[in-house]
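my_file_17.cif (mmCIF, C-alpha atoms and all ligand atoms) appears below.
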```cif
data_final
loop_
_atom_site.label_atom_id
_atom_site.label_comp_id
_atom_site.auth_asym_id
_atom_site.auth_seq_id
_atom_site.Cartn_x
_atom_site.Cartn_y
_atom_site.Cartn_z
CA MET A 27 0.00 0.00 0.00
CA LYS A 28 1.45 3.37 -1.00
CA LEU A 29 0.61 5.79 1.79
CA ALA A 30 0.22 9.54 2.07
CA ILE A 31 -0.17 11.73 5.12
CA VAL A 32 -2.81 14.26 4.10
CA HIS A 33 -2.81 17.35 6.29
CA ASN A 34 -3.97 20.94 6.52
CA GLN A 35 -1.43 23.74 6.11
CA PRO A 36 -0.63 25.52 9.37
CA VAL A 37 -1.14 29.29 9.44
CA ARG A 38 1.97 31.47 9.11
CA GLU A 39 4.08 32.11 12.20
CA GLY A 40 2.78 35.07 14.18
CA GLU A 41 -0.79 34.72 12.88
CA THR A 42 -3.64 34.16 15.35
CA ASN A 43 -3.63 30.68 16.89
CA TRP A 44 -0.34 29.78 15.23
CA GLU A 45 0.66 27.68 18.28
CA SER A 46 -2.24 25.26 17.92
CA SER A 47 -2.15 25.30 14.14
CA VAL A 48 1.55 24.43 13.81
CA ASP A 49 1.10 21.37 16.03
CA ILE A 50 0.10 19.50 12.86
CA LEU A 51 3.80 19.43 11.93
CA ALA A 52 4.69 17.58 15.14
CA GLN A 53 2.02 15.00 14.29
CA ILE A 54 3.29 14.57 10.74
CA GLU A 55 6.90 14.18 11.83
CA ALA A 56 6.09 11.61 14.51
CA ILE A 57 3.91 9.55 12.17
CA GLU A 58 6.53 9.66 9.43
CA ALA A 59 9.18 8.45 11.88
CA SER A 60 6.96 5.54 12.93
CA LEU A 61 6.16 4.61 9.33
CA LEU A 62 9.86 4.64 8.55
CA GLU A 63 10.41 2.28 11.47
CA LEU A 64 7.66 0.07 10.03
CA LYS A 65 9.45 0.21 6.66
CA GLN A 66 6.40 1.78 5.10
CA ASN A 67 6.77 4.29 2.29
CA VAL A 68 4.94 7.55 2.83
CA VAL A 69 4.65 11.00 1.25
CA ARG A 70 3.14 14.21 2.61
CA ILE A 71 0.30 15.84 0.70
CA PRO A 72 -1.16 19.12 2.00
CA PHE A 73 -4.88 19.60 1.40
CA THR A 74 -5.86 23.09 0.24
CA ARG A 75 -8.52 24.45 -2.10
CA ASP A 76 -6.29 23.39 -5.01
CA LEU A 77 -8.29 20.25 -5.72
CA ALA A 78 -6.79 19.69 -9.16
CA GLY A 79 -3.32 19.65 -7.59
CA PHE A 80 -4.53 17.26 -4.91
CA PHE A 81 -6.04 14.81 -7.42
CA GLN A 82 -2.88 14.94 -9.45
CA GLN A 83 -0.66 14.11 -6.50
CA ILE A 84 -2.84 11.21 -5.35
CA ARG A 85 -2.95 9.78 -8.90
CA GLU A 86 0.66 10.37 -9.91
CA GLN A 87 2.01 8.91 -6.70
CA LYS A 88 -0.48 6.01 -6.92
CA ILE A 89 -1.65 6.55 -3.34
CA SER A 90 -3.90 3.76 -2.11
CA GLY A 91 -4.12 4.66 1.59
CA VAL A 92 -4.14 7.94 3.51
CA ILE A 93 -3.42 8.96 7.08
CA ASN A 94 -5.91 11.81 7.32
CA LEU A 95 -4.76 14.49 9.76
CA CYS A 96 -6.85 17.35 8.36
CA GLU A 97 -8.35 19.54 11.06
CA SER A 98 -9.47 22.27 8.66
CA VAL A 99 -8.95 23.55 5.14
CA ASP A 100 -7.13 26.88 4.94
CA ASP A 101 -7.65 27.22 8.70
CA ASP A 102 -11.44 27.01 8.41
CA PRO A 103 -12.70 24.42 10.94
CA LEU A 104 -16.06 24.30 9.15
CA LEU A 105 -14.22 22.41 6.43
CA ILE A 106 -12.81 19.72 8.74
CA GLY A 107 -14.68 16.95 6.95
CA HIS A 108 -14.13 18.05 3.38
CA PRO A 109 -10.76 16.36 2.77
CA ALA A 110 -12.30 13.11 4.03
CA ALA A 111 -15.30 13.68 1.73
CA VAL A 112 -13.00 14.11 -1.26
CA LEU A 113 -11.14 10.90 -0.38
CA GLU A 114 -14.48 9.09 -0.02
CA LEU A 115 -15.49 10.24 -3.50
CA MET A 116 -12.12 9.23 -4.92
CA GLY A 117 -12.42 5.80 -3.31
CA VAL A 118 -9.16 6.15 -1.39
CA ALA A 119 -9.17 4.50 2.05
CA PHE A 120 -8.07 6.70 4.95
CA THR A 121 -7.57 6.49 8.70
CA GLY A 122 -9.93 8.12 11.17
CA SER A 123 -13.55 9.12 10.96
CA THR A 124 -15.74 9.70 7.92
CA ALA A 125 -16.52 13.18 6.63
CA ARG A 126 -19.97 12.91 8.18
CA ALA A 127 -18.66 12.12 11.67
CA LEU A 128 -15.95 14.79 11.48
CA ILE A 129 -18.45 17.48 10.54
CA ILE A 130 -21.12 16.52 13.06
CA SER A 131 -18.76 16.20 16.03
CA THR A 132 -17.04 19.51 15.25
CA ASP A 133 -20.37 21.32 15.60
CA LYS A 134 -20.64 21.94 19.34
CA LEU A 135 -24.32 22.92 19.06
CA LEU A 136 -25.43 19.89 17.10
CA SER A 137 -23.29 17.69 19.35
CA LYS A 138 -25.08 18.95 22.46
CA LYS A 139 -28.48 18.40 20.86
CA LEU A 140 -27.53 14.86 19.90
CA LEU A 141 -26.21 14.15 23.39
CA GLN A 142 -29.35 15.52 25.04
CA ALA A 143 -31.59 13.58 22.69
CA SER A 144 -29.70 10.45 23.69
CA SER A 145 -29.97 11.19 27.43
CA ILE A 146 -26.24 11.72 27.79
CA ARG A 147 -25.55 14.63 30.16
CA THR A 148 -23.90 17.74 28.79
CA PRO A 149 -23.84 21.14 30.56
CA SER A 150 -27.08 23.15 30.23
CA TYR A 151 -26.63 25.97 27.75
CA PHE A 152 -28.08 28.51 25.44
CA TYR A 153 -27.00 29.28 21.92
CA TYR A 154 -25.98 32.82 21.06
CA ASP A 155 -25.69 34.01 17.48
CA GLY A 156 -25.84 37.77 17.98
CA GLY A 157 -28.76 39.97 18.94
CA LYS A 158 -30.28 40.02 22.40
CA ALA A 159 -29.22 37.59 25.11
CA PRO A 160 -32.13 35.53 26.48
CA GLN A 161 -34.13 37.59 29.02
CA SER A 162 -34.62 34.97 31.68
CA LEU A 163 -31.89 32.46 32.05
CA ASP A 164 -32.61 29.11 33.56
CA LEU A 165 -28.91 28.49 34.09
CA ILE A 166 -26.68 28.59 37.14
CA PHE A 167 -23.73 31.01 37.01
CA PRO A 168 -20.85 31.01 36.33
CA LEU A 169 -21.25 30.33 32.63
CA ILE A 170 -18.59 29.69 30.03
CA MET A 171 -18.66 30.87 26.40
CA LYS A 172 -17.25 28.61 23.69
CA PRO A 173 -17.11 29.16 19.94
CA ARG A 174 -19.54 26.79 18.23
CA TRP A 175 -17.04 25.70 15.60
CA GLN A 176 -13.59 25.78 17.20
CA ASP A 177 -11.46 23.29 19.06
CA ALA A 178 -7.98 23.26 20.64
CA SER A 179 -9.41 25.63 23.30
CA ILE A 180 -9.43 28.48 20.80
CA GLY A 181 -11.47 31.24 22.46
CA ILE A 182 -11.43 29.50 25.84
CA ASP A 183 -9.62 31.12 28.78
CA GLN A 184 -10.44 32.96 32.01
CA GLU A 185 -12.14 35.75 30.07
CA SER A 186 -14.59 33.18 28.65
CA VAL A 187 -16.15 32.71 32.08
CA ILE A 188 -19.18 34.91 32.88
CA LEU A 189 -19.71 35.34 36.62
CA ASN A 190 -23.18 36.92 36.65
CA SER A 191 -25.76 38.56 34.44
CA LYS A 192 -24.30 42.05 34.90
CA GLY A 193 -23.04 43.26 31.54
CA ILE A 194 -23.65 39.85 29.97
CA HIS A 195 -25.12 41.36 26.85
CA GLN A 196 -22.01 43.35 26.04
CA THR A 197 -19.70 40.44 26.91
CA LEU A 198 -21.59 38.16 24.54
CA GLU A 199 -21.59 40.71 21.76
CA GLN A 200 -17.85 41.26 22.04
CA PHE A 201 -17.08 37.55 22.10
CA HIS A 202 -19.45 36.93 19.23
CA ALA A 203 -17.78 39.65 17.13
CA ARG A 204 -14.50 37.81 17.59
CA TYR A 205 -15.51 34.14 17.41
CA GLY A 206 -18.90 33.96 15.73
CA PRO A 207 -21.74 31.75 17.05
CA LEU A 208 -21.34 30.74 20.68
CA ILE A 209 -22.35 28.02 23.09
CA VAL A 210 -22.90 29.58 26.51
CA GLU A 211 -23.08 26.84 29.08
CA GLU A 212 -22.91 26.22 32.81
CA TYR A 213 -19.35 26.16 34.04
CA LEU A 214 -18.81 22.88 35.90
CA ASP A 215 -16.29 23.03 38.67
CA GLY A 216 -15.77 19.27 39.08
CA ARG A 217 -12.99 16.92 38.02
CA GLU A 218 -12.03 16.80 34.35
CA PHE A 219 -11.35 13.56 32.50
CA ASN A 220 -10.65 12.63 28.96
CA ILE A 221 -10.95 9.20 27.56
CA SER A 222 -9.43 7.93 24.35
CA LEU A 223 -10.98 5.15 22.32
CA MET A 224 -9.43 3.13 19.56
CA GLY A 225 -10.33 0.26 17.27
CA TYR A 226 -12.03 -0.81 14.10
CA PRO A 227 -14.59 -2.23 13.58
CA LEU A 228 -14.95 -2.56 17.36
CA THR A 229 -13.65 0.09 19.69
CA ARG A 230 -12.10 -0.16 23.13
CA THR A 231 -11.55 2.46 25.77
CA MET A 232 -8.01 3.20 26.85
CA PRO A 233 -6.86 4.22 30.35
CA LEU A 234 -8.81 7.16 31.75
CA ALA A 235 -6.85 10.39 31.93
CA GLU A 236 -7.57 13.17 34.41
CA ILE A 237 -6.38 16.77 34.46
CA ASP A 238 -4.51 17.38 37.70
CA PHE A 239 -5.01 21.03 38.65
CA ASN A 240 -2.61 20.79 41.57
CA GLY A 241 -0.88 24.16 42.01
CA TYR A 242 -3.38 25.92 39.72
CA PRO A 243 -3.86 29.49 40.95
CA ALA A 244 -6.75 29.53 43.44
CA ASP A 245 -8.14 32.76 42.02
CA LEU A 246 -8.55 31.34 38.50
CA HIS A 247 -11.32 29.17 37.13
CA ARG A 248 -10.03 25.68 36.61
CA LEU A 249 -10.05 25.09 32.90
CA VAL A 250 -7.76 23.82 30.18
CA GLY A 251 -7.90 26.95 28.08
CA TYR A 252 -5.73 28.09 25.18
CA ARG A 253 -2.85 29.15 27.46
CA ALA A 254 -2.96 25.83 29.32
CA LYS A 255 -2.75 23.92 26.05
CA TRP A 256 -0.29 25.99 24.06
CA ASP A 257 1.62 28.60 26.07
CA GLU A 258 4.46 26.75 27.80
CA SER A 259 5.44 29.88 29.72
CA SER A 260 2.01 30.27 31.36
CA VAL A 261 1.14 29.17 34.87
CA GLU A 262 -1.94 27.40 33.45
CA TYR A 263 0.30 25.24 31.22
CA ARG A 264 2.43 24.16 34.18
CA THR A 265 -0.49 23.39 36.48
CA THR A 266 -2.75 21.30 34.23
CA ARG A 267 -0.86 18.03 34.14
CA ARG A 268 -2.36 14.88 32.67
CA ILE A 269 -2.42 11.95 35.07
CA PHE A 270 -3.83 8.43 34.89
CA PRO A 271 -5.46 7.94 38.30
CA ASP A 272 -5.54 4.36 39.51
CA ASN A 273 -7.81 4.97 42.47
CA LEU A 274 -11.02 6.09 40.78
CA PRO A 275 -14.22 4.67 42.26
CA VAL A 276 -15.06 1.63 40.12
CA SER A 277 -18.60 2.84 39.40
CA LEU A 278 -17.35 6.26 38.20
CA ALA A 279 -14.73 4.71 35.91
CA ARG A 280 -17.28 2.26 34.56
CA ASN A 281 -19.79 5.03 33.97
CA ILE A 282 -17.27 7.21 32.10
CA ARG A 283 -16.22 4.29 29.90
CA ARG A 284 -19.82 3.43 29.09
CA ILE A 285 -20.66 7.02 28.19
CA ALA A 286 -17.52 7.36 26.07
CA ARG A 287 -18.42 4.23 24.13
CA GLU A 288 -21.97 5.49 23.65
CA CYS A 289 -20.59 8.76 22.26
CA PHE A 290 -18.25 6.93 19.91
CA GLN A 291 -21.21 4.96 18.54
CA LEU A 292 -23.67 7.83 18.50
CA PHE A 293 -21.32 10.07 16.51
CA ASP A 294 -20.29 7.10 14.37
CA LEU A 295 -16.56 7.58 14.97
CA GLN A 296 -14.03 5.30 13.38
CA ASP A 297 -10.53 4.08 14.38
CA TYR A 298 -9.89 6.59 17.14
CA GLY A 299 -11.40 9.43 19.13
CA ARG A 300 -11.37 11.18 22.49
CA VAL A 301 -14.24 12.26 24.70
CA ASP A 302 -13.80 15.23 27.09
CA ILE A 303 -15.72 14.99 30.33
CA ARG A 304 -16.38 17.02 33.48
CA LEU A 305 -18.18 16.17 36.68
CA ASP A 306 -20.71 18.58 38.16
CA SER A 307 -20.91 19.50 41.84
CA ARG A 308 -22.95 16.35 42.47
CA GLY A 309 -20.35 14.14 40.79
CA ARG A 310 -22.48 13.48 37.71
CA VAL A 311 -20.71 12.85 34.42
CA HIS A 312 -21.17 15.47 31.67
CA VAL A 313 -19.76 15.30 28.16
CA LEU A 314 -18.08 18.54 27.07
CA GLU A 315 -17.29 17.43 23.56
CA ILE A 316 -16.41 14.54 21.28
CA ASN A 317 -13.18 14.71 19.29
CA ALA A 318 -13.32 12.61 16.13
CA ASN A 319 -9.94 14.04 15.24
CA PRO A 320 -7.94 14.24 18.48
CA CYS A 321 -4.43 15.60 18.34
CA LEU A 322 -2.01 12.74 17.61
CA SER A 323 1.19 14.48 18.74
CA PRO A 324 3.37 12.18 20.82
CA ASP A 325 2.85 14.43 23.85
CA ALA A 326 -0.95 14.78 23.49
CA GLY A 327 -3.65 12.84 25.33
CA PHE A 328 -4.38 10.16 22.77
CA ALA A 329 -0.80 8.91 22.41
CA ALA A 330 -0.33 9.15 26.17
CA ALA A 331 -3.37 6.93 26.76
CA ALA A 332 -2.11 4.49 24.13
CA ALA A 333 1.28 4.41 25.89
CA LYS A 334 -0.44 3.82 29.22
CA SER A 335 -2.25 0.87 27.66
CA GLY A 336 1.10 -0.57 26.58
CA LEU A 337 1.28 0.67 22.99
CA SER A 338 4.31 2.63 21.87
CA TYR A 339 3.69 5.41 19.37
CA THR A 340 4.81 3.11 16.56
CA ASP A 341 2.54 0.30 17.83
CA MET A 342 -0.33 2.77 17.68
CA ILE A 343 0.48 3.71 14.08
CA ARG A 344 0.83 0.04 13.19
CA ASP A 345 -2.68 -0.53 14.55
CA PHE A 346 -4.00 2.37 12.46
CA LEU A 347 -2.56 0.67 9.39
CA VAL A 348 -4.33 -2.56 10.35
CA PHE A 349 -7.66 -0.68 10.53
CA LEU A 350 -6.92 0.96 7.19
CA LYS A 351 -6.06 -2.36 5.55
CA GLU A 352 -9.16 -4.02 7.00
CA ARG A 353 -11.36 -1.28 5.55
CA SER A 354 -9.70 -1.07 2.16
CA ASP A 355 -10.04 -4.85 1.72
CA LYS A 356 -13.80 -4.60 2.07
N1 LIG B 401 -18.87 23.64 30.85
C1 LIG B 401 -17.59 23.68 31.22
N2 LIG B 401 -17.27 23.75 32.53
C2 LIG B 401 -15.98 23.83 32.90
N3 LIG B 401 -14.94 23.85 32.06
C3 LIG B 401 -15.21 23.75 30.76
C4 LIG B 401 -16.53 23.68 30.25
N4 LIG B 401 -16.48 23.63 28.92
C5 LIG B 401 -15.17 23.67 28.60
N5 LIG B 401 -14.41 23.76 29.70
C6 LIG B 401 -12.92 23.82 29.75
O1 LIG B 401 -12.44 24.23 28.50
C7 LIG B 401 -11.68 23.18 27.87
C8 LIG B 401 -11.95 23.15 26.38
O2 LIG B 401 -13.33 22.94 26.17
P1 LIG B 401 -13.89 21.91 25.12
O3 LIG B 401 -15.37 21.92 25.20
O4 LIG B 401 -13.23 20.58 25.31
O5 LIG B 401 -13.46 22.58 23.74
P2 LIG B 401 -12.21 22.37 22.76
O6 LIG B 401 -12.82 21.81 21.52
O7 LIG B 401 -11.66 23.73 22.52
O8 LIG B 401 -11.24 21.44 23.42
C9 LIG B 401 -12.09 21.92 28.59
O9 LIG B 401 -11.06 20.96 28.53
C10 LIG B 401 -12.38 22.43 30.01
O10 LIG B 401 -11.19 22.56 30.77
MG MG B 402 -11.65 19.59 24.33
#
```

Any chance you could give the structure as structure tokens?
Amino acid sequence: MKLAIVHNQPVREGETNWESSVDILAQIEAIEASLLELKQNVVRIPFTRDLAGFFQQIREQKISGVINLCESVDDDPLLIGHPAAVLELMGVAFTGSTARALIISTDKLLSKKLLQASSIRTPSYFYYDGGKAPQSLDLIFPLIMKPRWQDASIGIDQESVILNSKGIHQTLEQFHARYGPLIVEEYLDGREFNISLMGYPLTRTMPLAEIDFNGYPADLHRLVGYRAKWDESSVEYRTTRRIFPDNLPVSLARNIRRIARECFQLFDLQDYGRVDIRLDSRGRVHVLEINANPCLSPDAGFAAAAAKSGLSYTDMIRDFLVFLKERSDK
């Protein structure tokens, strides 16, 4: 099988959100190194709006399998599923979720509606797309604003938390002007977990990861915002360590695994994914979001969970190739 890593182009250095965007290069390099170790030929093909160029590269290089890392096209997260859709139309097998699953899970509004309709808890919210904020809010403050279409904690930091209704209208308007449509949901102060799942056609959950906020400044809201994810010099980065707790109550761990599997099935994910979870003040499990396309950098949560389950990075990539082969043989 002649393989290609198909990826989005990172934005130019210094542009907004460059830190999260350029992470794609770390993923590409790590995967290439593993494929080399597995003696598997691979080329890189960026996916842009130049479709003719893309077709030509796939055809000329006789690509029969793709590692699809695309998180956007030209930095537009609304187009996360389009590279996968093109590959589906071309009949080229690829790793990861289908176009359909990528698009649906990237939409934080639709995701919440699907979760609610399936009786899976997700924080109560309202949707804000400009105009007046709802007059009477049936929500408990503080609230947190999140862009409907972003990930990587873009737009999420301390200033995303709304403490009370005073000035809420102006806050929403300003945030909306910057990030577009917003989910405004109850801020849950409980423990945060993320759970990675992997497999095809059947999926399994990997060890449960928790964010350890030990040392996190007491005067800040505990969240894994943009600084915590991408700014190594920030206090938030240093005090949001990933741990794999081995003393979780059995019923809680079982519950989180069950919910994560339900999400994987409901959103029709394939090969791999990660579900982000928070507990509320009563210890109930809420789903924050489903990542059909979790970051695959060696230092990110998915690879860490794979390592914890005994798979080296290269073992993980080898498994992806098995899923790919299985699917392309069908
Ligand atoms: N309702 C919430 N209550 C508390 N923290 C939240 C809530 N929603 C998001 N966060 C914090 O923001 C982070 C990013 O939010 P998430 O919904 O996972 O979006 P993204 O797609 O940007 O990762 C979470 O990991 C969590 O720390
Ligand atoms: Mg998240």

Give me the chain A side of the contact with ligand LIG 401 (chain B), cut-off 8 Å, one line per residue showing its nearest atom pair and distance in Å at one decimal, counting only C-alpha atoms and all ligand atoms, sorted by chain and residue number, as a tab-separated table.
```
residue	atom	partner	partner_atom	distance
A:Thr132	CA	B:LIG401	O6	7.9
A:Lys134	CA	B:LIG401	O3	7.9
A:Pro149	CA	B:LIG401	N1	5.6
A:Leu169	CA	B:LIG401	N1	7.3
A:Ile170	CA	B:LIG401	N1	6.1
A:Met171	CA	B:LIG401	N4	8.0
A:Lys172	CA	B:LIG401	O3	7.1
A:Gln176	CA	B:LIG401	O6	5.9
A:Asp177	CA	B:LIG401	O6	3.2
A:Ala178	CA	B:LIG401	O7	4.2
A:Ser179	CA	B:LIG401	O7	3.0
A:Ile180	CA	B:LIG401	O7	5.5
A:Gly181	CA	B:LIG401	O7	7.5
A:Ile182	CA	B:LIG401	O1	6.0
A:Asp183	CA	B:LIG401	O1	7.5
A:Glu211	CA	B:LIG401	N1	5.6
A:Glu212	CA	B:LIG401	N1	5.2
A:Tyr213	CA	B:LIG401	N2	3.5
A:Leu214	CA	B:LIG401	N2	3.8
A:Asp215	CA	B:LIG401	C2	5.8
A:Gly216	CA	B:LIG401	C2	7.7
A:Glu218	CA	B:LIG401	O10	6.8
A:Arg248	CA	B:LIG401	O10	6.7
A:Leu249	CA	B:LIG401	O10	3.5
A:Val250	CA	B:LIG401	O10	3.7
A:Gly251	CA	B:LIG401	O1	5.3
A:Tyr252	CA	B:LIG401	O7	7.8
A:Asp302	CA	B:LIG401	O4	5.7
A:Ile303	CA	B:LIG401	O9	7.8
A:Arg304	CA	B:LIG401	C2	6.8
A:Leu314	CA	B:LIG401	O3	4.7
A:Glu315	CA	B:LIG401	O3	5.2
A:Ile316	CA	B:LIG401	O4	7.9
A:Asn317	CA	B:LIG401	O6	7.5
```

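Comparing the minimum interatomic distances between Ser90 in chain A and each of A:Ala279, A:Leu105, A:Ile50, A:Ile31, counting only C-alpha atoms, we find that A:Ile31 sits nearest.
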
What gap, in Å, lies between CA of Pro324 in chain A and CA of Met342 in chain A?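 Computing the Euclidean distance for CA of Pro324 in chain A and CA of Met342 in chain A yields 10.6 Å.
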
Ref. answer, residues at most 12 Å from (-9.5, 1.5, 10.1) with only C-alpha atoms, as JSON, numbers by chain: {"A": [91, 92, 93, 94, 119, 120, 121, 122, 123, 124, 224, 225, 226, 227, 228, 229, 295, 296, 297, 298, 342, 343, 344, 345, 346, 347, 348, 349, 350, 351, 352, 353, 354, 355, 356]}

Measuring between all atoms listed in the file, which one of A:Val311, A:Ile89, A:Ile237, A:Ile106 shows the shortest distance to Val118 in chain A?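 Answer, going by the shortest atom-to-atom distance: A:Ile89.
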
Find the residue from A:Ser131, A:Gln196, A:Ser98, A:Gln184 that sits nearest to ligand MG 402 (chain B); use only C-alpha atoms and all ligand atoms when measuring. A:Ser131

Test item: axis-aligned box, all listed atoms of range 316-321 of chain A, 6 Å on each side, centre and edges in Å rounded to one decimal, as JSON:
```
{"center_x": -10.4, "center_y": 14.1, "center_z": 18.3, "size_x": 24.0, "size_y": 15.0, "size_z": 18.0}
```

Excluding same-chain residues fewer than 5 positions from Val210 in chain A, what lies within 10 Å of it counting only C-alpha atoms, as a list in words? Pro149, Ser150, Tyr151, Phe152, Tyr153, Tyr154, Leu165, Leu169, Ile170, Met171, Lys172, Pro173, Arg174, Ser186, Val187, Ile188 and Leu198 of chain A

So that I can check the surroundings of range 56-60 of chain A, please list as a list in words every protein, DNA and RNA residue that reaches within 9 Å of it, counting only C-alpha atoms and ignoring chain neighbours fewer than 3 positions away. Ile31, Leu51, Ala52, Gln53, Glu63, Leu64, Lys65, Gln66, Asn67, Val68, Val69, Arg70, Ile93, Leu322, Ser323, Pro324, Tyr339, Thr340, Asp341, Ile343 and Arg344 of chain A

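Comparing the minimum interatomic distances between ligand MG 402 (chain B) and each of A:Ala326, A:Leu189, A:Leu95, A:Ala30, counting only C-alpha atoms and all ligand atoms, we find that A:Ala326 sits nearest.
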
Looking at only C-alpha atoms, which of A:Phe239, A:Phe81, A:Phe293, A:Phe73 is the one that sits closest to Gly117 in chain A?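 Of A:Phe239, A:Phe81, A:Phe293, A:Phe73, the one nearest Gly117 in chain A, counting only C-alpha atoms, is A:Phe81.
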